[in-house]
file coords-v1.cif (mmCIF, C-alpha atoms)
data_query
#
loop_
_atom_site.group_PDB
_atom_site.id
_atom_site.type_symbol
_atom_site.label_atom_id
_atom_site.label_comp_id
_atom_site.auth_asym_id
_atom_site.auth_seq_id
_atom_site.Cartn_x
_atom_site.Cartn_y
_atom_site.Cartn_z
ATOM 1 C CA MET S 1 198.897 45.579 -85.049
ATOM 2 C CA LYS S 2 199.554 42.167 -86.614
ATOM 3 C CA ARG S 3 196.302 42.437 -88.563
ATOM 4 C CA ILE S 4 197.266 45.829 -90.006
ATOM 5 C CA THR S 5 200.715 44.521 -90.987
ATOM 6 C CA LEU S 6 199.173 41.394 -92.545
ATOM 7 C CA LEU S 7 196.559 43.484 -94.395
ATOM 8 C CA ALA S 8 199.218 45.920 -95.657
ATOM 9 C CA GLY S 9 201.336 42.966 -96.807
ATOM 10 C CA LEU S 10 198.418 41.423 -98.685
ATOM 11 C CA ILE S 11 197.651 44.746 -100.373
ATOM 12 C CA VAL S 12 201.289 45.090 -101.481
ATOM 13 C CA VAL S 13 201.348 41.503 -102.817
ATOM 14 C CA PHE S 14 198.061 42.088 -104.656
ATOM 15 C CA MET S 15 199.343 45.317 -106.214
ATOM 16 C CA LEU S 16 202.630 43.733 -107.280
ATOM 17 C CA SER S 17 200.907 40.736 -108.805
ATOM 18 C CA ASN S 18 198.713 43.030 -110.917
ATOM 19 C CA CYS S 19 201.748 44.963 -112.133
ATOM 20 C CA ALA S 20 203.684 41.874 -113.129
ATOM 21 C CA GLY S 21 202.386 41.860 -116.713
ATOM 22 C CA PRO S 22 199.979 39.478 -118.380
ATOM 23 C CA LYS S 23 198.689 36.657 -116.255
ATOM 24 C CA GLU S 24 199.507 33.116 -117.210
ATOM 25 C CA GLY S 25 196.755 31.759 -119.419
ATOM 26 C CA LYS S 26 195.760 35.142 -120.819
ATOM 27 C CA VAL S 27 195.071 34.902 -124.547
ATOM 28 C CA ASP S 28 197.274 36.917 -126.899
ATOM 29 C CA ILE S 29 194.532 37.721 -129.418
ATOM 30 C CA ASP S 30 196.895 39.297 -131.974
ATOM 31 C CA ASN S 31 199.138 36.221 -131.927
ATOM 32 C CA GLU S 32 196.157 33.887 -132.298
ATOM 33 C CA ILE S 33 194.855 35.906 -135.265
ATOM 34 C CA THR S 34 198.289 35.576 -136.877
ATOM 35 C CA GLU S 35 198.239 31.807 -136.287
ATOM 36 C CA VAL S 36 194.762 31.450 -137.811
ATOM 37 C CA LYS S 37 195.847 33.489 -140.846
ATOM 38 C CA LYS S 38 198.769 31.077 -141.269
ATOM 39 C CA VAL S 39 196.316 28.155 -141.358
ATOM 40 C CA LEU S 40 194.231 29.943 -144.003
ATOM 41 C CA ASP S 41 197.402 30.605 -146.029
ATOM 42 C CA LYS S 42 198.303 26.910 -145.724
ATOM 43 C CA TYR S 43 194.842 25.995 -146.975
ATOM 44 C CA ARG S 44 195.293 28.198 -150.041
ATOM 45 C CA TYR S 45 198.765 26.738 -150.624
ATOM 46 C CA ALA S 46 197.483 23.158 -150.182
ATOM 47 C CA ASN S 47 194.765 23.722 -152.785
ATOM 48 C CA GLU S 48 197.095 25.377 -155.269
ATOM 49 C CA ASN S 49 199.705 22.621 -154.863
ATOM 50 C CA GLN S 50 197.306 19.703 -154.414
ATOM 51 C CA ASP S 51 198.884 18.790 -151.077
ATOM 52 C CA MET S 52 196.540 16.336 -149.329
ATOM 53 C CA ASN S 53 198.949 15.899 -146.400
ATOM 54 C CA LEU S 54 198.670 19.606 -145.650
ATOM 55 C CA ILE S 55 194.875 19.442 -146.053
ATOM 56 C CA GLU S 56 194.789 16.661 -143.456
ATOM 57 C CA GLU S 57 197.011 18.694 -141.125
ATOM 58 C CA ILE S 58 194.773 21.771 -141.063
ATOM 59 C CA TRP S 59 191.278 20.236 -141.128
ATOM 60 C CA CYS S 60 189.877 18.673 -137.986
ATOM 61 C CA ASP S 61 189.698 14.909 -138.534
ATOM 62 C CA ASP S 62 186.186 14.541 -137.189
ATOM 63 C CA GLU S 63 182.946 13.271 -138.676
ATOM 64 C CA THR S 64 180.884 16.175 -137.308
ATOM 65 C CA ILE S 65 182.606 18.993 -139.207
ATOM 66 C CA VAL S 66 180.831 20.636 -142.152
ATOM 67 C CA SER S 67 181.766 22.269 -145.432
ATOM 68 C CA ILE S 68 179.131 23.911 -147.615
ATOM 69 C CA GLY S 69 180.201 24.490 -151.204
ATOM 70 C CA THR S 70 178.960 26.451 -154.166
ATOM 71 C CA GLU S 71 176.981 23.709 -155.909
ATOM 72 C CA SER S 72 173.338 23.081 -155.105
ATOM 73 C CA GLY S 73 173.178 20.470 -152.366
ATOM 74 C CA GLU S 74 176.928 20.549 -151.709
ATOM 75 C CA ARG S 75 176.860 20.026 -147.951
ATOM 76 C CA LEU S 76 179.716 17.817 -146.839
ATOM 77 C CA VAL S 77 179.514 16.405 -143.320
ATOM 78 C CA GLY S 78 182.555 14.743 -141.806
ATOM 79 C CA PHE S 79 186.180 14.910 -142.805
ATOM 80 C CA SER S 80 185.941 11.748 -144.920
ATOM 81 C CA GLU S 81 183.384 13.461 -147.220
ATOM 82 C CA ILE S 82 185.406 16.668 -147.296
ATOM 83 C CA ARG S 83 188.586 14.729 -148.132
ATOM 84 C CA LYS S 84 186.801 12.955 -151.036
ATOM 85 C CA ALA S 85 185.568 16.280 -152.465
ATOM 86 C CA ILE S 86 189.006 17.862 -152.198
ATOM 87 C CA GLN S 87 190.623 14.803 -153.779
ATOM 88 C CA PHE S 88 188.104 15.036 -156.658
ATOM 89 C CA GLN S 89 189.210 18.633 -157.242
ATOM 90 C CA PHE S 90 192.870 17.615 -157.068
ATOM 91 C CA ASP S 91 192.222 14.868 -159.638
ATOM 92 C CA ASN S 92 190.392 17.188 -162.046
ATOM 93 C CA PHE S 93 191.638 20.763 -161.611
ATOM 94 C CA THR S 94 195.051 21.998 -162.709
ATOM 95 C CA GLU S 95 196.817 25.334 -162.441
ATOM 96 C CA VAL S 96 194.776 26.413 -159.434
ATOM 97 C CA PHE S 97 195.424 29.997 -158.392
ATOM 98 C CA ILE S 98 193.594 31.577 -155.450
ATOM 99 C CA THR S 99 193.753 35.251 -154.517
ATOM 100 C CA PRO S 100 192.230 36.087 -151.115
ATOM 101 C CA ALA S 101 191.126 39.612 -150.172
ATOM 102 C CA ASN S 102 189.254 41.429 -147.412
ATOM 103 C CA GLN S 103 190.222 38.811 -144.849
ATOM 104 C CA LEU S 104 188.826 39.294 -141.356
ATOM 105 C CA VAL S 105 189.686 36.954 -138.474
ATOM 106 C CA GLN S 106 188.203 37.085 -134.973
ATOM 107 C CA ILE S 107 189.137 35.083 -131.877
ATOM 108 C CA SER S 108 186.932 34.210 -128.915
ATOM 109 C CA GLU S 109 187.955 35.619 -125.546
ATOM 110 C CA ASP S 110 189.029 32.182 -124.314
ATOM 111 C CA GLY S 111 191.232 31.725 -127.404
ATOM 112 C CA ARG S 112 189.703 28.396 -128.386
ATOM 113 C CA THR S 113 187.474 29.413 -131.310
ATOM 114 C CA ALA S 114 188.121 31.580 -134.359
ATOM 115 C CA TRP S 115 185.955 32.645 -137.254
ATOM 116 C CA PHE S 116 186.863 34.280 -140.534
ATOM 117 C CA SER S 117 185.434 35.820 -143.650
ATOM 118 C CA GLN S 118 187.117 36.779 -146.875
ATOM 119 C CA THR S 119 186.522 37.127 -150.565
ATOM 120 C CA MET S 120 188.682 35.415 -153.124
ATOM 121 C CA ASN S 121 189.197 34.866 -156.799
ATOM 122 C CA TYR S 122 189.468 31.168 -157.629
ATOM 123 C CA ASN S 123 191.022 30.246 -160.969
ATOM 124 C CA PHE S 124 191.729 26.794 -162.412
ATOM 125 C CA ILE S 125 191.874 24.678 -165.552
ATOM 126 C CA LEU S 126 189.278 21.904 -166.011
ATOM 127 C CA ASP S 127 189.276 19.684 -169.093
ATOM 128 C CA GLY S 128 191.707 22.067 -170.767
ATOM 129 C CA LYS S 129 189.468 25.110 -170.266
ATOM 130 C CA PRO S 130 190.182 28.018 -167.903
ATOM 131 C CA TYR S 131 187.608 28.891 -165.261
ATOM 132 C CA GLU S 132 187.370 31.850 -162.931
ATOM 133 C CA PHE S 133 185.150 32.403 -159.942
ATOM 134 C CA PRO S 134 185.662 36.058 -159.001
ATOM 135 C CA HIS S 135 184.674 37.467 -155.626
ATOM 136 C CA LEU S 136 183.765 34.162 -153.976
ATOM 137 C CA ARG S 137 182.626 34.657 -150.405
ATOM 138 C CA TYR S 138 184.390 32.289 -148.038
ATOM 139 C CA THR S 139 183.661 32.003 -144.321
ATOM 140 C CA GLY S 140 184.495 29.482 -141.663
ATOM 141 C CA VAL S 141 185.245 28.461 -138.110
ATOM 142 C CA LEU S 142 188.401 27.040 -136.576
ATOM 143 C CA MET S 143 188.903 25.477 -133.157
ATOM 144 C CA LYS S 144 192.088 25.089 -131.201
ATOM 145 C CA LYS S 145 192.684 21.369 -130.632
ATOM 146 C CA ASN S 146 195.798 20.185 -128.780
ATOM 147 C CA GLY S 147 197.398 23.596 -129.270
ATOM 148 C CA LYS S 148 196.788 23.734 -133.058
ATOM 149 C CA TRP S 149 194.141 25.593 -135.034
ATOM 150 C CA LYS S 150 191.928 23.236 -137.073
ATOM 151 C CA ILE S 151 189.226 24.078 -139.604
ATOM 152 C CA VAL S 152 185.847 22.738 -138.429
ATOM 153 C CA GLN S 153 183.368 24.535 -140.699
ATOM 154 C CA THR S 154 183.477 26.401 -144.012
ATOM 155 C CA HIS S 155 180.960 27.962 -146.348
ATOM 156 C CA MET S 156 181.642 29.227 -149.835
ATOM 157 C CA SER S 157 179.145 31.114 -151.964
ATOM 158 C CA VAL S 158 179.096 32.747 -155.361
ATOM 159 C CA PRO S 159 177.676 36.259 -155.462
ATOM 160 C CA TYR S 160 174.607 36.568 -157.640
ATOM 161 C CA ASN S 161 173.493 39.787 -159.190
ATOM 162 C CA PRO S 162 170.518 39.442 -161.562
ATOM 163 C CA LEU S 163 170.859 43.103 -162.586
ATOM 164 C CA ARG S 164 174.446 42.651 -163.777
ATOM 165 C CA GLU S 165 175.033 43.669 -167.401
ATOM 166 C CA ARG S 166 175.456 40.709 -169.725
#

call {"tool": "encode", "arguments": {"input": "coords-v1.cif", "output": "structure tokens"}}
result
Amino acid sequence: MKRITLLAGLIVVFMLSNCAGPKEGKVDIDNEITEVKKVLDKYRYANENQDMNLIEEIWCDDETIVSIGTESGERLVGFSEIRKAIQFQFDNFTEVFITPANQLVQISEDGRTAWFSQTMNYNFILDGKPYEFPHLRYTGVLMKKNGKWKIVQTHMSVPYNPLRER
């Protein structure tokens, strides 16, 4: 009789624990997507406002991260190289205006890795002349480090259409 009572008690405890709501440690995917989108918004803001402190806050300060740009051979490895390239842009570009679109963010089941894709229009002034890169394709990866999302990899490309009317 004690075994039946103990078994019934364990079943009740098991059932109640499953009805108690989300388990501790369960990833709230929607919340994590929102947090990653905030980082991407900060990155846009940092570029438009030439805010290197914000750049340093959202990129992972590691020498293994990678950013691939739009120029031939533009493969930056390590945050020190990425920082130099961003500082070069800050020193030379003015009136930067970035318009993202079609943003898609995904989160891994364990909530530690995120990846994104989006298109964007990138406008700026260089040497007194306006430039526009419409429909840039921008993708990347973020990792959660010490509770904060950090950019660890990006890739930007310019669409090419040889059949486009000139």

call {"tool": "resolve_selection", "arguments": {"input": "coords-v1.cif", "expression": "the PyMOL selection byres ((chain S and resi 109) around 12)", "output": "list in words"}}
result
Gly25, Lys26, Val27, Asp28, Ile29, Asp30, Glu32, Ile33, Gln106, Ile107, Ser108, Asp110, Gly111, Arg112, Thr113 and Ala114 of chain S

call {"tool": "axis_aligned_box", "arguments": {"input": "coords-v1.cif", "around": "range 27-40 of chain S", "padding_each_side": "4 Å", "output": "JSON"}}
result
{"center_x": 196.7, "center_y": 33.7, "center_z": -134.3, "size_x": 12.9, "size_y": 19.1, "size_z": 27.5}

call {"tool": "closest_residue", "arguments": {"input": "coords-v1.cif", "among": "S:Glu35, S:Asp51, S:Asp62, S:Asp41", "to": "Phe90 in chain S", "atoms": "only C-alpha atoms"}}
result
S:Asp51

call {"tool": "resolve_selection", "arguments": {"input": "coords-v1.cif", "expression": "the PyMOL selection byres ((chain S and resi 50) around 12)", "output": "number ranges by chain"}}
result
S: 42-49, 51-56, 83, 86-97

call {"tool": "closest_residue", "arguments": {"input": "coords-v1.cif", "among": "S:Ala85, S:Met156, S:Leu104, S:Val66", "to": "Phe133 in chain S", "atoms": "only C-alpha atoms"}}
result
S:Met156

call {"tool": "atom_distance", "arguments": {"input": "coords-v1.cif", "atom1": "CA of Leu126 in chain S", "atom2": "CA of Tyr160 in chain S"}}
result
22.4 Å

call {"tool": "resolve_selection", "arguments": {"input": "coords-v1.cif", "expression": "the PyMOL selection byres ((chain S and resi 65) around 8)", "output": "number ranges by chain"}}
result
S: 60, 62-64, 66-67, 77-79, 152-153

call {"tool": "atom_distance", "arguments": {"input": "coords-v1.cif", "atom1": "CA of Gln118 in chain S", "atom2": "CA of Leu136 in chain S"}}
result
8.3 Å

call {"tool": "atom_distance", "arguments": {"input": "coords-v1.cif", "atom1": "CA of Val39 in chain S", "atom2": "CA of Glu74 in chain S"}}
result
23.3 Å

call {"tool": "decode", "arguments": {"input": "coords-v1.cif", "residues": "range 15-139 of chain S", "atoms": "C-alpha atoms", "output": "PDB file, in the first residue's frame"}}
result
ATOM      1  CA  MET S  15       1.767  16.465 -13.190  1.00  0.00           C
ATOM      2  CA  LEU S  16       1.838  19.629 -11.085  1.00  0.00           C
ATOM      3  CA  SER S  17       5.399  20.425 -12.062  1.00  0.00           C
ATOM      4  CA  ASN S  18       4.475  20.187 -15.753  1.00  0.00           C
ATOM      5  CA  CYS S  19       1.517  22.516 -15.257  1.00  0.00           C
ATOM      6  CA  ALA S  20       3.520  25.148 -13.429  1.00  0.00           C
ATOM      7  CA  GLY S  21       4.391  27.097 -16.586  1.00  0.00           C
ATOM      8  CA  PRO S  22       7.713  27.447 -18.345  1.00  0.00           C
ATOM      9  CA  LYS S  23      10.630  25.682 -16.759  1.00  0.00           C
ATOM     10  CA  GLU S  24      13.524  27.708 -15.473  1.00  0.00           C
ATOM     11  CA  GLY S  25      16.122  28.029 -18.201  1.00  0.00           C
ATOM     12  CA  LYS S  26      13.640  27.729 -21.056  1.00  0.00           C
ATOM     13  CA  VAL S  27      14.460  30.207 -23.815  1.00  0.00           C
ATOM     14  CA  ASP S  28      11.884  32.880 -24.632  1.00  0.00           C
ATOM     15  CA  ILE S  29      12.568  32.956 -28.378  1.00  0.00           C
ATOM     16  CA  ASP S  30      10.332  35.982 -29.052  1.00  0.00           C
ATOM     17  CA  ASN S  31      12.104  38.001 -26.354  1.00  0.00           C
ATOM     18  CA  GLU S  32      15.527  37.005 -27.681  1.00  0.00           C
ATOM     19  CA  ILE S  33      14.530  38.020 -31.223  1.00  0.00           C
ATOM     20  CA  THR S  34      13.457  41.406 -29.850  1.00  0.00           C
ATOM     21  CA  GLU S  35      16.807  41.778 -28.063  1.00  0.00           C
ATOM     22  CA  VAL S  36      18.770  40.913 -31.215  1.00  0.00           C
ATOM     23  CA  LYS S  37      16.717  43.423 -33.222  1.00  0.00           C
ATOM     24  CA  LYS S  38      17.636  46.063 -30.630  1.00  0.00           C
ATOM     25  CA  VAL S  39      21.332  45.304 -31.199  1.00  0.00           C
ATOM     26  CA  LEU S  40      20.858  45.653 -34.966  1.00  0.00           C
ATOM     27  CA  ASP S  41      19.045  48.970 -34.413  1.00  0.00           C
ATOM     28  CA  LYS S  42      21.936  50.119 -32.205  1.00  0.00           C
ATOM     29  CA  TYR S  43      24.370  49.181 -34.959  1.00  0.00           C
ATOM     30  CA  ARG S  44      22.450  51.294 -37.469  1.00  0.00           C
ATOM     31  CA  TYR S  45      22.289  54.174 -34.978  1.00  0.00           C
ATOM     32  CA  ALA S  46      26.020  53.869 -34.177  1.00  0.00           C
ATOM     33  CA  ASN S  47      26.914  54.078 -37.870  1.00  0.00           C
ATOM     34  CA  GLU S  48      24.617  57.010 -38.549  1.00  0.00           C
ATOM     35  CA  ASN S  49      25.912  58.906 -35.500  1.00  0.00           C
ATOM     36  CA  GLN S  50      29.538  57.769 -35.690  1.00  0.00           C
ATOM     37  CA  ASP S  51      29.394  56.388 -32.150  1.00  0.00           C
ATOM     38  CA  MET S  52      32.473  54.190 -31.647  1.00  0.00           C
ATOM     39  CA  ASN S  53      31.574  53.516 -27.998  1.00  0.00           C
ATOM     40  CA  LEU S  54      28.313  51.937 -29.121  1.00  0.00           C
ATOM     41  CA  ILE S  55      30.151  49.981 -31.838  1.00  0.00           C
ATOM     42  CA  GLU S  56      32.468  48.577 -29.165  1.00  0.00           C
ATOM     43  CA  GLU S  57      29.486  47.687 -26.969  1.00  0.00           C
ATOM     44  CA  ILE S  58      27.702  45.587 -29.593  1.00  0.00           C
ATOM     45  CA  TRP S  59      30.609  43.865 -31.371  1.00  0.00           C
ATOM     46  CA  CYS S  60      32.364  40.973 -29.686  1.00  0.00           C
ATOM     47  CA  ASP S  61      35.860  42.134 -28.718  1.00  0.00           C
ATOM     48  CA  ASP S  62      37.613  39.062 -30.047  1.00  0.00           C
ATOM     49  CA  GLU S  63      40.287  38.519 -32.669  1.00  0.00           C
ATOM     50  CA  THR S  64      38.475  35.569 -34.272  1.00  0.00           C
ATOM     51  CA  ILE S  65      35.353  37.424 -35.424  1.00  0.00           C
ATOM     52  CA  VAL S  66      34.897  38.220 -39.123  1.00  0.00           C
ATOM     53  CA  SER S  67      33.293  40.919 -41.232  1.00  0.00           C
ATOM     54  CA  ILE S  68      33.151  40.614 -45.013  1.00  0.00           C
ATOM     55  CA  GLY S  69      32.458  43.869 -46.827  1.00  0.00           C
ATOM     56  CA  THR S  70      31.485  44.931 -50.303  1.00  0.00           C
ATOM     57  CA  GLU S  71      34.949  45.680 -51.688  1.00  0.00           C
ATOM     58  CA  SER S  72      37.036  43.000 -53.353  1.00  0.00           C
ATOM     59  CA  GLY S  73      39.222  41.405 -50.702  1.00  0.00           C
ATOM     60  CA  GLU S  74      37.460  43.160 -47.819  1.00  0.00           C
ATOM     61  CA  ARG S  75      37.651  40.372 -45.251  1.00  0.00           C
ATOM     62  CA  LEU S  76      38.291  41.756 -41.795  1.00  0.00           C
ATOM     63  CA  VAL S  77      39.358  39.269 -39.130  1.00  0.00           C
ATOM     64  CA  GLY S  78      39.395  40.335 -35.501  1.00  0.00           C
ATOM     65  CA  PHE S  79      37.743  43.257 -33.797  1.00  0.00           C
ATOM     66  CA  SER S  80      40.853  45.440 -34.104  1.00  0.00           C
ATOM     67  CA  GLU S  81      40.623  45.255 -37.936  1.00  0.00           C
ATOM     68  CA  ILE S  82      36.873  45.814 -37.867  1.00  0.00           C
ATOM     69  CA  ARG S  83      37.289  48.818 -35.549  1.00  0.00           C
ATOM     70  CA  LYS S  84      39.895  50.351 -37.922  1.00  0.00           C
ATOM     71  CA  ALA S  85      37.572  49.940 -40.930  1.00  0.00           C
ATOM     72  CA  ILE S  86      34.632  51.464 -39.079  1.00  0.00           C
ATOM     73  CA  GLN S  87      36.795  54.342 -37.849  1.00  0.00           C
ATOM     74  CA  PHE S  88      37.921  54.956 -41.461  1.00  0.00           C
ATOM     75  CA  GLN S  89      34.263  55.258 -42.476  1.00  0.00           C
ATOM     76  CA  PHE S  90      33.562  57.575 -39.543  1.00  0.00           C
ATOM     77  CA  ASP S  91      36.516  59.763 -40.573  1.00  0.00           C
ATOM     78  CA  ASN S  92      35.434  59.965 -44.222  1.00  0.00           C
ATOM     79  CA  PHE S  93      31.651  59.580 -44.482  1.00  0.00           C
ATOM     80  CA  THR S  94      29.143  62.207 -43.392  1.00  0.00           C
ATOM     81  CA  GLU S  95      25.362  62.319 -43.321  1.00  0.00           C
ATOM     82  CA  VAL S  96      25.041  58.545 -43.160  1.00  0.00           C
ATOM     83  CA  PHE S  97      21.463  57.333 -43.432  1.00  0.00           C
ATOM     84  CA  ILE S  98      20.606  53.624 -43.363  1.00  0.00           C
ATOM     85  CA  THR S  99      17.169  52.178 -44.063  1.00  0.00           C
ATOM     86  CA  PRO S 100      16.808  48.471 -43.212  1.00  0.00           C
ATOM     87  CA  ALA S 101      14.055  46.286 -44.688  1.00  0.00           C
ATOM     88  CA  ASN S 102      13.019  42.636 -44.855  1.00  0.00           C
ATOM     89  CA  GLN S 103      14.733  41.861 -41.566  1.00  0.00           C
ATOM     90  CA  LEU S 104      14.625  38.242 -40.436  1.00  0.00           C
ATOM     91  CA  VAL S 105      16.110  37.096 -37.119  1.00  0.00           C
ATOM     92  CA  GLN S 106      16.355  33.498 -35.906  1.00  0.00           C
ATOM     93  CA  ILE S 107      17.487  32.157 -32.533  1.00  0.00           C
ATOM     94  CA  SER S 108      18.991  28.759 -31.763  1.00  0.00           C
ATOM     95  CA  GLU S 109      17.007  26.492 -29.459  1.00  0.00           C
ATOM     96  CA  ASP S 110      19.517  26.981 -26.640  1.00  0.00           C
ATOM     97  CA  GLY S 111      19.216  30.776 -26.985  1.00  0.00           C
ATOM     98  CA  ARG S 112      22.946  31.350 -27.359  1.00  0.00           C
ATOM     99  CA  THR S 113      23.247  31.998 -31.106  1.00  0.00           C
ATOM    100  CA  ALA S 114      21.272  34.225 -33.462  1.00  0.00           C
ATOM    101  CA  TRP S 115      21.501  34.878 -37.167  1.00  0.00           C
ATOM    102  CA  PHE S 116      19.907  37.559 -39.294  1.00  0.00           C
ATOM    103  CA  SER S 117      19.405  38.720 -42.833  1.00  0.00           C
ATOM    104  CA  GLN S 118      18.075  41.982 -44.152  1.00  0.00           C
ATOM    105  CA  THR S 119      18.324  44.356 -47.050  1.00  0.00           C
ATOM    106  CA  MET S 120      19.123  48.004 -46.603  1.00  0.00           C
ATOM    107  CA  ASN S 121      19.690  51.242 -48.409  1.00  0.00           C
ATOM    108  CA  TYR S 122      22.952  52.875 -47.347  1.00  0.00           C
ATOM    109  CA  ASN S 123      23.372  56.572 -48.106  1.00  0.00           C
ATOM    110  CA  PHE S 124      26.273  58.882 -47.242  1.00  0.00           C
ATOM    111  CA  ILE S 125      28.363  61.842 -48.352  1.00  0.00           C
ATOM    112  CA  LEU S 126      32.019  61.245 -49.311  1.00  0.00           C
ATOM    113  CA  ASP S 127      34.260  64.095 -50.442  1.00  0.00           C
ATOM    114  CA  GLY S 128      31.200  66.307 -50.813  1.00  0.00           C
ATOM    115  CA  LYS S 129      29.411  63.879 -53.143  1.00  0.00           C
ATOM    116  CA  PRO S 130      26.301  61.853 -52.264  1.00  0.00           C
ATOM    117  CA  TYR S 131      26.428  58.081 -52.612  1.00  0.00           C
ATOM    118  CA  GLU S 132      23.691  55.492 -52.406  1.00  0.00           C
ATOM    119  CA  PHE S 133      23.921  51.742 -52.174  1.00  0.00           C
ATOM    120  CA  PRO S 134      20.346  50.507 -52.628  1.00  0.00           C
ATOM    121  CA  HIS S 135      19.240  47.017 -51.656  1.00  0.00           C
ATOM    122  CA  LEU S 136      22.463  45.955 -49.937  1.00  0.00           C
ATOM    123  CA  ARG S 137      22.226  42.431 -48.591  1.00  0.00           C
ATOM    124  CA  TYR S 138      23.384  42.231 -44.994  1.00  0.00           C
ATOM    125  CA  THR S 139      23.654  39.019 -42.983  1.00  0.00           C
TER     126      THR S 139
END
